Amino acid sequence: MSVHASAERVARPRVVGGHLERTLWTLVPFGAALLAGALVLLLSGRDPLVTYALLVEQAFGGHIAIGNTLAQTTPVLFTGLATALAFRAGVFNVGVEGSLYLGAFAAAWVGFTFVGAPGPLLLLGAFGTAGLAGAAWSFLPGLLRARWRVDEVVTTLMLNFVAINLTSYLVNGPFLAVGTANSMSPLVDPAARLGSLIPPSQVSIGFVLALGMALGFGVVFGFTALGYELRVSGTSPRFAAASGISIFRVIVVAMLISGLIAGIAGAVQVLGVNGRFIDRFSPGYGFTGIAAALLGRNTALGCVLAALFFGALSNGSAMMQLFTDIPLDLVNVLSGTVMIFAVLDVARLRPRRLREAG
Amino acid sequence: MEVLHNTLVATALVSTPLLLAAMGGLINRQGGIVNIGLEANMLAGALAAVLVTWQTGNPFLGVLAAALAGTVIALPFSLVITRLGANEIIAGLGLNVLVAGLIGYLLPVALGVYGTFRPAGLQRLPRIDIPFVHDIPWIGPILSGKDPVTYLAWLLVPLIAAFLYRTTPGLRLRAAGSDLEAARAAGISAHRWRDLSTVLAGALAGIGGAQLSIGIVGLFGVGMIAGRGFIALAAFYFGAARPWPTAAAALLFGFFDAAQVRLQGQGIPVQLVQLLPYLVVVVTLTVVAITRARREGGVAVA
Amino acid sequence: MTADIAITSRSVPAAAHLRLEGITKRFGSVVANEGVDLKVAAGTIHAVVGENGAGKTTLMRIVYGLERPDAGSVEVNGARVEMRSPQVAIAHGIGMVQQHVQLISGLTALENLVLGREPSRLGAFNAAAARRQAGELADRLHTRIDWYAPVERLSVGHRQRLEIMRLLYRDAGLLIFDEPTTVLTPGEVDDLFAVLRSLAADGRTILFISHKLREVLAIAERVTVMRRGRVVATVESRGTDAGQLARLMIGEAPEPVRATGEGATVARRPPRDEAALALEGCAVDGPGGRRLLDGIDLAVRAGEIVGVAGIEGNGQRELIDIVLGMRRPRPGRVTLGGRDVTHSGVRARRRLGISYIPEDRNVEGADLAGSISTTAICLRYDRPPLSRAGILSLGSVRAFTRGLIERFGIVAAGPDAPMRSLSGGNAQRLVVGREIDASSRCVLAAHPTRGVDVKGIAFIHEQLLRLRGEGTGILLISEELAELFRLADRIVVLYEGQIVGEFARDAVDIDHLSRLMTGVETGGAAA
């Protein structure tokens with residue numbers, strides 16, 4: 001089907017021009033987003049520069065602000081890495097949001113079920129179960145794609161909504177916390193909570209885990225045989241196949257790891273931020289993760305920077321909303337623009353003269 | 001029985017946004033683009049309908065404005081895909097985020113309200129009884145007493161089928177969607193037909209949003225589309241982009257929608273009903289793919 | 001179908017319907033056409049023959065406006081025309097049935113027929129009128145088509161017939177057929193020829209591209225032979241025979257290398273008796289149940305080079321796939337060094353010592369998005385010394401790549417330089433070096449010197465001969481007869497998925513070989 005033909009470009013962004021030019025093109029979606037935001041601000045009668053400056057101040061002014069920015073960065077970094085890993089391997093996984101929900105619920109379940117268990121064991125169990133749940137959730141579309149060529153774009157997209165509704169059922173039905181009217185699970189054992197990194201801000205040591213994950217991501221792609229297989233299968237599948245790499249295995253493994261990272265993201269939200277599973281807790285971290293992966297060109301460092309961008313934006317505008325009347329939705333204007341501009345065929349944007357020379 | 005009847009009475013009404021968006025998505029799919037941005041078109045349509053109806057007092061102008069709003073969003077979206085080679089899936093997801101952000105941002109700035117806009121005295125789409133049908137016991141209320149957009153939506157199903165399969169533009173649109181290069185070789189401006197299909201999808205999804213805002217609930221809420229664009233996507237995937245099966249899927253999913261409200265407190269978990277449309281699509285795609293693999297025999301070794 | 005129309009004899013050559021002068025077309029450094037002149041008389045069937053890569057298809061794409069020539073002119077009915085696009089060609093009454101069918105799936109046969117010029121009334125598609133015209137066209141071609149079936153359900157022959165009808169529907173006077181018979185069964189070929197004859201009898205001009213000489217002689221009145229982008233000769237088909245055409249098409253037989261020249265540096269030991277690679281009764285089915293490979297029995301002994309001669313598209317790809325393990329033969333058995341590997345995957349076979357020099361190094365031989373190392377290590381990245389417990393040792397990776405670079409004289413900035421930065425010849429050296437470095441029991445070489453310069457060719461030939469001397473079995477698939485003669489101990493001929501002949505090194509009959517390759521003569525021949 002037509003969707004798939006373009007998946008390749010997601011795995012391997014079009015390369016044009018020299019080194020400097022390539023770097024500049026990487027910044028196009030970023031610039032377009034800021035421009036779109038500026039237009040919207042102008043439209044609402046505000047000075048974009050002043051607003052952006054305020055935004056930066058709210059996001060980075062002082063250690064609490066920075067802590068809160070990092071708290072917002074954490075889930076996006078995880079989901080960005082999860083997405084980037086699949087994209088690098090040539091698998092179009094847009095189902096990170098679903099794995100995130102499953103992982104979050106699994107972590108919460110371990111946390112409120114095995115109350116009283118030793119802390120480290122509880123944490124390990126919660127993270128392990130969350131990773132497994134996330135991986136299991138993405139295994140199915142991976143298998144379907146690898147074995148029967150069922151388009152993973154549609155299946156992963158649809159399974160997001162299945163996951164959101166399924167976990168919603170679980171916390172409204174069997175696992176609704178006693179004494180709460182709202183749809184949430186019981187609180188997890190305090191021993192399973194992640195400590196704060198910069199008190200009293202919201203950032204937990206989950207952020208360190210996310211950074212570790214980014215480091216791991218870089219190590220896998222830079223220094224391991226598995227990373228080599230994923231990378232080569234993503235950019236040159238026929239070369240990989242002729243070299244003896246099993247594309248079937250690559251697809252399944254990439255989906256499993258991608259789901260695992262997303263599951264852990266869910267665990268960090270539960271154990272580090274909310275303390276329980278809350279129905280529909282994610283404001284679309286999985287989808288912002290796609291934007292982060294695209295903006296970060298599917299690299300570890302790129303994802304860190306992009307996630308930081310979205311984290312700062314999200315925290316900065318949340319703070320700004322408190323004492324100005326600039327709505328939080330500005331974030332979405334920017335991240336939507338990033339997504340659209342990140343997938344343009346940049347070669348077609350180049351002036352004709354450059355295009356013919358290059 | 002009472003619950004079933006109530007559900008069926010509501011079904012036609014709540015199916016309409018799904019039906020319109022799904023038919024739009026179907027045309028777009030036939031025109032070669034998988035439209036993930038239906039949600040955005042619906043949201044814009046819902047808002048435009050409320051605003052124009054509020055200002056003019058005429059809900060039909062509101063519907064027209066919704067179609068226009070859907071179109072205005074769909075055209076640049078289509079151009080980005082057809083002329084600038086953007087990946088339609090990511091661009092569609094991006095469009096949803098962008099439009100939701102724009103509306104969420106501008107609503108408080110322009111109208112001073114957060115989240116929900118409910119102007120006083122907002123006209124709603126009238127409900128029309130069909131003569132004779134209305135008087136049939138039990139069946140009557142199920143079919144009759146709906147708003148004009150609902151009737152229009154159902155009228156559109158055969159019209160769209162006729163357009164696609166019985167007219168020259170429909171033929172060219174399908175040709176452009178099926179094989180861009182071959183269509184161009186046959187002397188057809190394939191990109192333009194693709195763009196047209198996206199614009200039609202935008203207009204139809206926009207009207208679907210209007211029916212939701214000024215037909216059913218009588219207000220605008222930033223979260224009111226609530227995944228209906230994706231259910232519409234599920235519907236035309238389930239219906240393999242053919243008009244009648246897609247309409248049937250929209251009706252079925254509308255039935256789920258109507259049922260879940262009435263099942264609250266009846267022991268059947270709402271959420272499990274809500275996830276059905278999405279699950280149905282995954283199962284359908286899988287069955288289709290496995291059948292295809294069986295038919296083609298020799299599976300390639302990876 | 002029973003159209004018994006004889007070739008209308010024309011004593012006086014009619015006016016030129018199409019005239020090409022000095023057509024030259026380059027793709028990068030590759031010259032596809034050079035100074036091609038061609039004159040096609042109106043109302044005749046004119047064939048253009050040549051091996052793959054001789055430039056036939058490019059020339060036809062230029063005529064149909066799909067490519068623009070770098071130099072030269074196209075004249076239609078005496079008037080010069082700038083063929084900017086297919087639309088221009090169509091407007092001048094030119095139609096083309098391309099190798100790959102241009103029908104649109106999902107649309108019915110009838111819709112495909114009229115697309116772009118639909119009979120309609122106020123926008124409504126007038127299916128009745130379309131159906132009537134379709135019926136008339138079908139009658140003219142003595143054929144029946146289920147007009148309301150989606151095209152993908154039609155047989156290949158019917159699809160092609162439908163394409164012809166599309167051209168007639170648009171009233172094309174000059175019809176180009178690019179290798180129309182490759183996808184057809186023999187019965188369908190006969191039907192097609194009857195159609196072509198009746199079209200010519202109607203006064204239409206037919207340009208027929210092929211490399212199957214028997215067919216060309218059966219259908220065409222005049223034959224133009226192309227070789228390496230140039231026109232070698234144009235002859236009346238009555239005044240020639242297949243042998244002469246084959247010789248023109250393939251060129252003079254090169255001198256096989258005896259125990260002198262380049263090969264002499266390596267002693268030619270007789271091959272050993274053990275089989276390095278053996279295929280037994282292998283078959284591969286394509287879509288629609290067509291046999292792409294059939295009853296292949298082929299053994300390559302250790303220390304032997306077996307050449308596979310044949311024009312591309314006769315089963316070479318499938319042969320590669322079943323040897324390498326990308327596809328399973330059904331039925332059939334593949335053994336490697338006596339071990340049954342029929343059900344082993346690519347990796348297992350690679351481990352058992354099969355090397356692969358692919359036909360397109362950019363697709364199957366290298367990762368253009370990565371570094372030189374990325375391409376260099378693909379067979380060894382998962383074992384010591386390059387990696388231990390799944391961790392790559394970047395030092396070893398670089399050292400390994402540097403080793404290849406030095407040993408095979410590759411001009412490169414270093415192991416970490418982008419693969420793209422290598423020139424074509426150096427890239428091929430890297431790929432060949434990597435493959436033969438890996439202690440090969442058997443080498444599968446597909447067109448190893450295609451697009452490689454003279455120096456590169458010498459390098460590759462030298463390596464293959466060295467390996468042969470060391471006891472490696474080599475299966476060499478090539479269209480270059482010169483290459484096969486130089487290297488191979490034995491040559492088998494692949495034609496339409498079957499081995500139709502075998503020649504010992506010293507008993508090659510070039511005429512016979514050419515006739516087998518081009519299908520003039522079939523089956524059962526052995527030297």
# chains A, B, ... in the order shown; residues from 1 in each chain; ligands from 1
>>> residues_around(residues="Arg29 (chain B)", least_positions_apart="4", cutoff="8 Å", atoms="only C-alpha atoms", output="VMD selection string")
chain B and resid 25 33 to 35 177 241
>>> write_last_selection(atoms="all heavy atoms", output="JSON list (two decimals), in the first residue's frame")
[["chain", "number", "residue", "atom", "x", "y", "z"],
["B", 25, "GLY", "N", -12.75, 10.12, 3.98],
["B", 25, "GLY", "CA", -11.52, 9.36, 4.03],
["B", 25, "GLY", "C", -11.46, 8.33, 2.91],
["B", 25, "GLY", "O", -10.40, 8.08, 2.34],
["B", 33, "ILE", "N", -4.41, 8.75, -0.95],
["B", 33, "ILE", "CA", -3.83, 9.27, 0.29],
["B", 33, "ILE", "C", -4.59, 8.71, 1.49],
["B", 33, "ILE", "O", -5.82, 8.74, 1.53],
["B", 33, "ILE", "CB", -3.88, 10.82, 0.32],
["B", 33, "ILE", "CG1", -2.95, 11.37, -0.76],
["B", 33, "ILE", "CG2", -3.51, 11.36, 1.69],
["B", 33, "ILE", "CD1", -3.04, 12.87, -0.94],
["B", 34, "VAL", "N", -3.84, 8.18, 2.45],
["B", 34, "VAL", "CA", -4.44, 7.74, 3.71],
["B", 34, "VAL", "C", -4.50, 8.96, 4.62],
["B", 34, "VAL", "O", -3.46, 9.49, 5.01],
["B", 34, "VAL", "CB", -3.60, 6.63, 4.37],
["B", 34, "VAL", "CG1", -4.16, 6.30, 5.74],
["B", 34, "VAL", "CG2", -3.57, 5.40, 3.50],
["B", 35, "ASN", "N", -5.69, 9.41, 4.91],
["B", 35, "ASN", "CA", -5.85, 10.66, 5.64],
["B", 35, "ASN", "C", -5.97, 10.42, 7.14],
["B", 35, "ASN", "O", -6.99, 9.96, 7.64],
["B", 35, "ASN", "CB", -7.09, 11.40, 5.12],
["B", 35, "ASN", "CG", -7.14, 12.82, 5.59],
["B", 35, "ASN", "OD1", -6.63, 13.14, 6.67],
["B", 35, "ASN", "ND2", -7.73, 13.70, 4.81],
["B", 177, "GLY", "N", -5.22, 7.83, -7.95],
["B", 177, "GLY", "CA", -4.94, 7.26, -6.65],
["B", 177, "GLY", "C", -4.27, 5.91, -6.72],
["B", 177, "GLY", "O", -3.45, 5.58, -5.88],
["B", 241, "ALA", "N", -12.36, 0.71, 1.68],
["B", 241, "ALA", "CA", -12.54, 1.92, 0.87],
["B", 241, "ALA", "C", -13.63, 1.77, -0.18],
["B", 241, "ALA", "O", -13.60, 2.43, -1.21],
["B", 241, "ALA", "CB", -11.21, 2.35, 0.23]]
>>> residues_around(residues="Thr286 (chain B)", least_positions_apart="6", cutoff="8 Å", atoms="only C-alpha atoms", output="CSV table (one decimal) with all heavy atoms, in the first residue's frame")
chain,number,residue,atom,x,y,z
A,144,LEU,N,3.0,-9.4,12.9
A,144,LEU,CA,2.2,-9.4,11.7
A,144,LEU,C,2.9,-8.8,10.5
A,144,LEU,O,2.7,-9.2,9.4
A,144,LEU,CB,0.9,-8.5,12.1
A,144,LEU,CG,0.0,-9.2,13.1
A,144,LEU,CD1,-1.2,-8.2,13.4
A,144,LEU,CD2,-0.6,-10.5,12.6
A,148,TRP,N,3.4,-11.5,7.8
A,148,TRP,CA,2.4,-11.4,6.7
A,148,TRP,C,2.3,-10.1,6.0
A,148,TRP,O,1.4,-9.8,5.3
A,148,TRP,CB,1.0,-11.8,7.3
A,148,TRP,CG,0.9,-13.2,7.5
A,148,TRP,CD1,0.8,-14.2,6.6
A,148,TRP,CD2,0.8,-13.9,8.8
A,148,TRP,NE1,0.6,-15.5,7.3
A,148,TRP,CE2,0.6,-15.3,8.6
A,148,TRP,CE3,0.8,-13.4,10.1
A,148,TRP,CZ2,0.5,-16.2,9.6
A,148,TRP,CZ3,0.7,-14.3,11.2
A,148,TRP,CH2,0.5,-15.7,10.9
A,150,VAL,N,1.5,-7.2,7.2
A,150,VAL,CA,0.4,-6.4,7.6
A,150,VAL,C,1.0,-5.0,7.9
A,150,VAL,O,1.9,-4.9,8.7
A,150,VAL,CB,-0.3,-7.0,8.8
A,150,VAL,CG1,-1.5,-6.1,9.1
A,150,VAL,CG2,-0.8,-8.4,8.5
>>> interface_residues(of="chain B", to="chain A", cutoff="8 Å", atoms="only C-alpha atoms", output="MDAnalysis selection string")
chainID B and resid 32:34 80:81 84:102 104:106 108:110 230 234 269:272 274:276 278:279 281:282 285:286 289:290 293 302
>>> select_by_dssp(residues="region 24-181 of chain B", states="strand (DSSP E or B)", output="ChimeraX atom specification")
/B:116-117,128,146,167
>>> interface_residues(of="chain B", to="chain C", cutoff="12 Å", atoms="only C-alpha atoms", output="MDAnalysis selection string")
chainID B and resid 30:32 162:190 240:242 295:302
>>> write_last_selection(atoms="C-alpha atoms", output="PDB file, in the first residue's frame")
ATOM      1  CA  GLN B  30      -9.310   6.072  -3.477  1.00  0.00           C
ATOM      2  CA  GLY B  31      -7.432   9.179  -4.508  1.00  0.00           C
ATOM      3  CA  GLY B  32      -4.233   7.667  -3.135  1.00  0.00           C
ATOM      4  CA  ALA B 162     -21.987   6.879  -8.382  1.00  0.00           C
ATOM      5  CA  PHE B 163     -19.394   9.635  -8.504  1.00  0.00           C
ATOM      6  CA  LEU B 164     -16.512   7.247  -8.077  1.00  0.00           C
ATOM      7  CA  TYR B 165     -17.711   4.493 -10.362  1.00  0.00           C
ATOM      8  CA  ARG B 166     -19.994   6.178 -12.855  1.00  0.00           C
ATOM      9  CA  THR B 167     -18.439   9.506 -13.702  1.00  0.00           C
ATOM     10  CA  THR B 168     -15.373  10.571 -15.596  1.00  0.00           C
ATOM     11  CA  PRO B 169     -13.948  12.655 -12.729  1.00  0.00           C
ATOM     12  CA  GLY B 170     -14.457   9.699 -10.407  1.00  0.00           C
ATOM     13  CA  LEU B 171     -12.628   7.429 -12.807  1.00  0.00           C
ATOM     14  CA  ARG B 172      -9.725   9.833 -13.081  1.00  0.00           C
ATOM     15  CA  LEU B 173      -9.580  10.290  -9.345  1.00  0.00           C
ATOM     16  CA  ARG B 174      -9.335   6.534  -8.828  1.00  0.00           C
ATOM     17  CA  ALA B 175      -6.751   6.230 -11.588  1.00  0.00           C
ATOM     18  CA  ALA B 176      -4.612   8.939 -10.011  1.00  0.00           C
ATOM     19  CA  GLY B 177      -4.943   7.259  -6.646  1.00  0.00           C
ATOM     20  CA  SER B 178      -4.094   3.789  -7.814  1.00  0.00           C
ATOM     21  CA  ASP B 179      -1.042   4.506  -9.927  1.00  0.00           C
ATOM     22  CA  LEU B 180       0.329   8.011 -10.142  1.00  0.00           C
ATOM     23  CA  GLU B 181       2.819   7.332 -12.922  1.00  0.00           C
ATOM     24  CA  ALA B 182       0.519   5.270 -15.106  1.00  0.00           C
ATOM     25  CA  ALA B 183      -2.214   7.866 -14.726  1.00  0.00           C
ATOM     26  CA  ARG B 184       0.180  10.582 -15.845  1.00  0.00           C
ATOM     27  CA  ALA B 185       1.239   8.460 -18.778  1.00  0.00           C
ATOM     28  CA  ALA B 186      -2.430   8.331 -19.746  1.00  0.00           C
ATOM     29  CA  GLY B 187      -2.427  12.140 -19.842  1.00  0.00           C
ATOM     30  CA  ILE B 188      -4.085  12.840 -16.488  1.00  0.00           C
ATOM     31  CA  SER B 189      -2.975  15.546 -14.040  1.00  0.00           C
ATOM     32  CA  ALA B 190      -2.716  13.004 -11.287  1.00  0.00           C
ATOM     33  CA  ALA B 240     -11.798  -1.613   2.164  1.00  0.00           C
ATOM     34  CA  ALA B 241     -12.535   1.915   0.869  1.00  0.00           C
ATOM     35  CA  ARG B 242     -15.777   0.834  -0.792  1.00  0.00           C
ATOM     36  CA  ARG B 295      -3.442 -17.317  -2.028  1.00  0.00           C
ATOM     37  CA  GLU B 296      -0.129 -16.159  -3.360  1.00  0.00           C
ATOM     38  CA  GLY B 297       1.512 -19.249  -1.926  1.00  0.00           C
ATOM     39  CA  GLY B 298       5.278 -19.187  -1.443  1.00  0.00           C
ATOM     40  CA  VAL B 299       6.020 -16.728   1.319  1.00  0.00           C
ATOM     41  CA  ALA B 300       9.323 -15.006   0.775  1.00  0.00           C
ATOM     42  CA  VAL B 301      11.960 -16.023   3.257  1.00  0.00           C
ATOM     43  CA  ALA B 302      13.336 -13.190   5.283  1.00  0.00           C
TER      44      ALA B 302
END
>>> interface_residues(of="chain C", to="chain A", cutoff="7 Å", atoms="only C-alpha atoms", output="list in words")
Val346, Arg347, Arg350, Val363, Glu364, Gly365, Ala366, Asp367, Ala369, Cys378, Leu379, Tyr381, Asp382, Gly390, Ile391 and Leu392 of chain C
>>> decode(residues="region 166-176 of chain C", atoms="all heavy atoms", output="PDB file, in the first residue's frame")
ATOM      1  N   ARG C 166      -5.685  -0.023 -26.094  1.00  0.00           N
ATOM      2  CA  ARG C 166      -5.614   1.365 -25.631  1.00  0.00           C
ATOM      3  C   ARG C 166      -4.963   2.245 -26.678  1.00  0.00           C
ATOM      4  O   ARG C 166      -5.396   3.358 -26.931  1.00  0.00           O
ATOM      5  CB  ARG C 166      -4.778   1.447 -24.345  1.00  0.00           C
ATOM      6  CG  ARG C 166      -5.572   1.339 -23.103  1.00  0.00           C
ATOM      7  CD  ARG C 166      -4.634   1.280 -21.934  1.00  0.00           C
ATOM      8  NE  ARG C 166      -4.244   2.613 -21.472  1.00  0.00           N
ATOM      9  CZ  ARG C 166      -3.360   2.820 -20.503  1.00  0.00           C
ATOM     10  NH1 ARG C 166      -2.772   1.796 -19.932  1.00  0.00           N
ATOM     11  NH2 ARG C 166      -3.073   4.031 -20.112  1.00  0.00           N
ATOM     12  N   LEU C 167      -3.903   1.729 -27.289  1.00  0.00           N
ATOM     13  CA  LEU C 167      -3.213   2.515 -28.315  1.00  0.00           C
ATOM     14  C   LEU C 167      -4.125   2.728 -29.513  1.00  0.00           C
ATOM     15  O   LEU C 167      -4.185   3.812 -30.083  1.00  0.00           O
ATOM     16  CB  LEU C 167      -1.932   1.815 -28.757  1.00  0.00           C
ATOM     17  CG  LEU C 167      -0.921   1.478 -27.664  1.00  0.00           C
ATOM     18  CD1 LEU C 167       0.362   0.962 -28.279  1.00  0.00           C
ATOM     19  CD2 LEU C 167      -0.632   2.695 -26.820  1.00  0.00           C
ATOM     20  N   LEU C 168      -4.839   1.674 -29.877  1.00  0.00           N
ATOM     21  CA  LEU C 168      -5.737   1.796 -31.030  1.00  0.00           C
ATOM     22  C   LEU C 168      -6.886   2.736 -30.707  1.00  0.00           C
ATOM     23  O   LEU C 168      -7.346   3.500 -31.556  1.00  0.00           O
ATOM     24  CB  LEU C 168      -6.277   0.423 -31.428  1.00  0.00           C
ATOM     25  CG  LEU C 168      -5.213  -0.582 -31.877  1.00  0.00           C
ATOM     26  CD1 LEU C 168      -5.859  -1.887 -32.299  1.00  0.00           C
ATOM     27  CD2 LEU C 168      -4.383  -0.004 -33.016  1.00  0.00           C
ATOM     28  N   TYR C 169      -7.330   2.678 -29.450  1.00  0.00           N
ATOM     29  CA  TYR C 169      -8.417   3.552 -29.029  1.00  0.00           C
ATOM     30  C   TYR C 169      -8.003   5.011 -29.188  1.00  0.00           C
ATOM     31  O   TYR C 169      -8.797   5.867 -29.534  1.00  0.00           O
ATOM     32  CB  TYR C 169      -8.760   3.252 -27.561  1.00  0.00           C
ATOM     33  CG  TYR C 169      -9.859   4.113 -26.993  1.00  0.00           C
ATOM     34  CD1 TYR C 169     -11.195   3.850 -27.293  1.00  0.00           C
ATOM     35  CD2 TYR C 169      -9.557   5.174 -26.151  1.00  0.00           C
ATOM     36  CE1 TYR C 169     -12.199   4.647 -26.763  1.00  0.00           C
ATOM     37  CE2 TYR C 169     -10.553   5.971 -25.620  1.00  0.00           C
ATOM     38  CZ  TYR C 169     -11.869   5.709 -25.927  1.00  0.00           C
ATOM     39  OH  TYR C 169     -12.865   6.495 -25.417  1.00  0.00           O
ATOM     40  N   ARG C 170      -6.731   5.262 -28.959  1.00  0.00           N
ATOM     41  CA  ARG C 170      -6.211   6.619 -29.130  1.00  0.00           C
ATOM     42  C   ARG C 170      -5.727   6.840 -30.546  1.00  0.00           C
ATOM     43  O   ARG C 170      -5.053   7.834 -30.832  1.00  0.00           O
ATOM     44  CB  ARG C 170      -5.070   6.866 -28.149  1.00  0.00           C
ATOM     45  CG  ARG C 170      -5.588   6.942 -26.737  1.00  0.00           C
ATOM     46  CD  ARG C 170      -4.463   6.951 -25.750  1.00  0.00           C
ATOM     47  NE  ARG C 170      -5.018   7.142 -24.417  1.00  0.00           N
ATOM     48  CZ  ARG C 170      -4.707   8.157 -23.623  1.00  0.00           C
ATOM     49  NH1 ARG C 170      -3.845   9.042 -24.002  1.00  0.00           N
ATOM     50  NH2 ARG C 170      -5.261   8.265 -22.444  1.00  0.00           N
ATOM     51  N   ASP C 171      -5.991   5.867 -31.372  1.00  0.00           N
ATOM     52  CA  ASP C 171      -5.706   5.960 -32.784  1.00  0.00           C
ATOM     53  C   ASP C 171      -4.220   6.178 -33.088  1.00  0.00           C
ATOM     54  O   ASP C 171      -3.850   7.018 -33.904  1.00  0.00           O
ATOM     55  CB  ASP C 171      -6.524   7.090 -33.423  1.00  0.00           C
ATOM     56  CG  ASP C 171      -6.819   6.762 -34.881  1.00  0.00           C
ATOM     57  OD1 ASP C 171      -6.820   5.555 -35.216  1.00  0.00           O
ATOM     58  OD2 ASP C 171      -7.015   7.699 -35.671  1.00  0.00           O
ATOM     59  N   ALA C 172      -3.383   5.402 -32.413  1.00  0.00           N
ATOM     60  CA  ALA C 172      -1.951   5.503 -32.679  1.00  0.00           C
ATOM     61  C   ALA C 172      -1.632   4.865 -34.024  1.00  0.00           C
ATOM     62  O   ALA C 172      -2.160   3.815 -34.371  1.00  0.00           O
ATOM     63  CB  ALA C 172      -1.176   4.804 -31.563  1.00  0.00           C
ATOM     64  N   GLY C 173      -0.788   5.536 -34.801  1.00  0.00           N
ATOM     65  CA  GLY C 173      -0.406   4.998 -36.107  1.00  0.00           C
ATOM     66  C   GLY C 173       0.932   4.283 -36.035  1.00  0.00           C
ATOM     67  O   GLY C 173       1.259   3.470 -36.901  1.00  0.00           O
ATOM     68  N   LEU C 174       1.723   4.639 -35.016  1.00  0.00           N
ATOM     69  CA  LEU C 174       3.024   3.994 -34.833  1.00  0.00           C
ATOM     70  C   LEU C 174       3.028   3.344 -33.460  1.00  0.00           C
ATOM     71  O   LEU C 174       2.891   4.018 -32.443  1.00  0.00           O
ATOM     72  CB  LEU C 174       4.146   5.033 -34.916  1.00  0.00           C
ATOM     73  CG  LEU C 174       5.560   4.550 -34.557  1.00  0.00           C
ATOM     74  CD1 LEU C 174       6.049   3.516 -35.549  1.00  0.00           C
ATOM     75  CD2 LEU C 174       6.523   5.723 -34.507  1.00  0.00           C
ATOM     76  N   LEU C 175       3.142   2.025 -33.443  1.00  0.00           N
ATOM     77  CA  LEU C 175       3.056   1.310 -32.182  1.00  0.00           C
ATOM     78  C   LEU C 175       4.409   0.693 -31.840  1.00  0.00           C
ATOM     79  O   LEU C 175       4.980  -0.047 -32.643  1.00  0.00           O
ATOM     80  CB  LEU C 175       1.989   0.208 -32.248  1.00  0.00           C
ATOM     81  CG  LEU C 175       0.539   0.688 -32.309  1.00  0.00           C
ATOM     82  CD1 LEU C 175       0.141   1.026 -33.733  1.00  0.00           C
ATOM     83  CD2 LEU C 175      -0.391  -0.361 -31.744  1.00  0.00           C
ATOM     84  N   ILE C 176       4.887   1.024 -30.650  1.00  0.00           N
ATOM     85  CA  ILE C 176       6.178   0.493 -30.212  1.00  0.00           C
ATOM     86  C   ILE C 176       5.916  -0.623 -29.202  1.00  0.00           C
ATOM     87  O   ILE C 176       5.137  -0.442 -28.264  1.00  0.00           O
ATOM     88  CB  ILE C 176       7.008   1.599 -29.533  1.00  0.00           C
ATOM     89  CG1 ILE C 176       7.188   2.776 -30.485  1.00  0.00           C
ATOM     90  CG2 ILE C 176       8.352   1.049 -29.078  1.00  0.00           C
ATOM     91  CD1 ILE C 176       7.785   4.004 -29.830  1.00  0.00           C
TER      92      ILE C 176
END
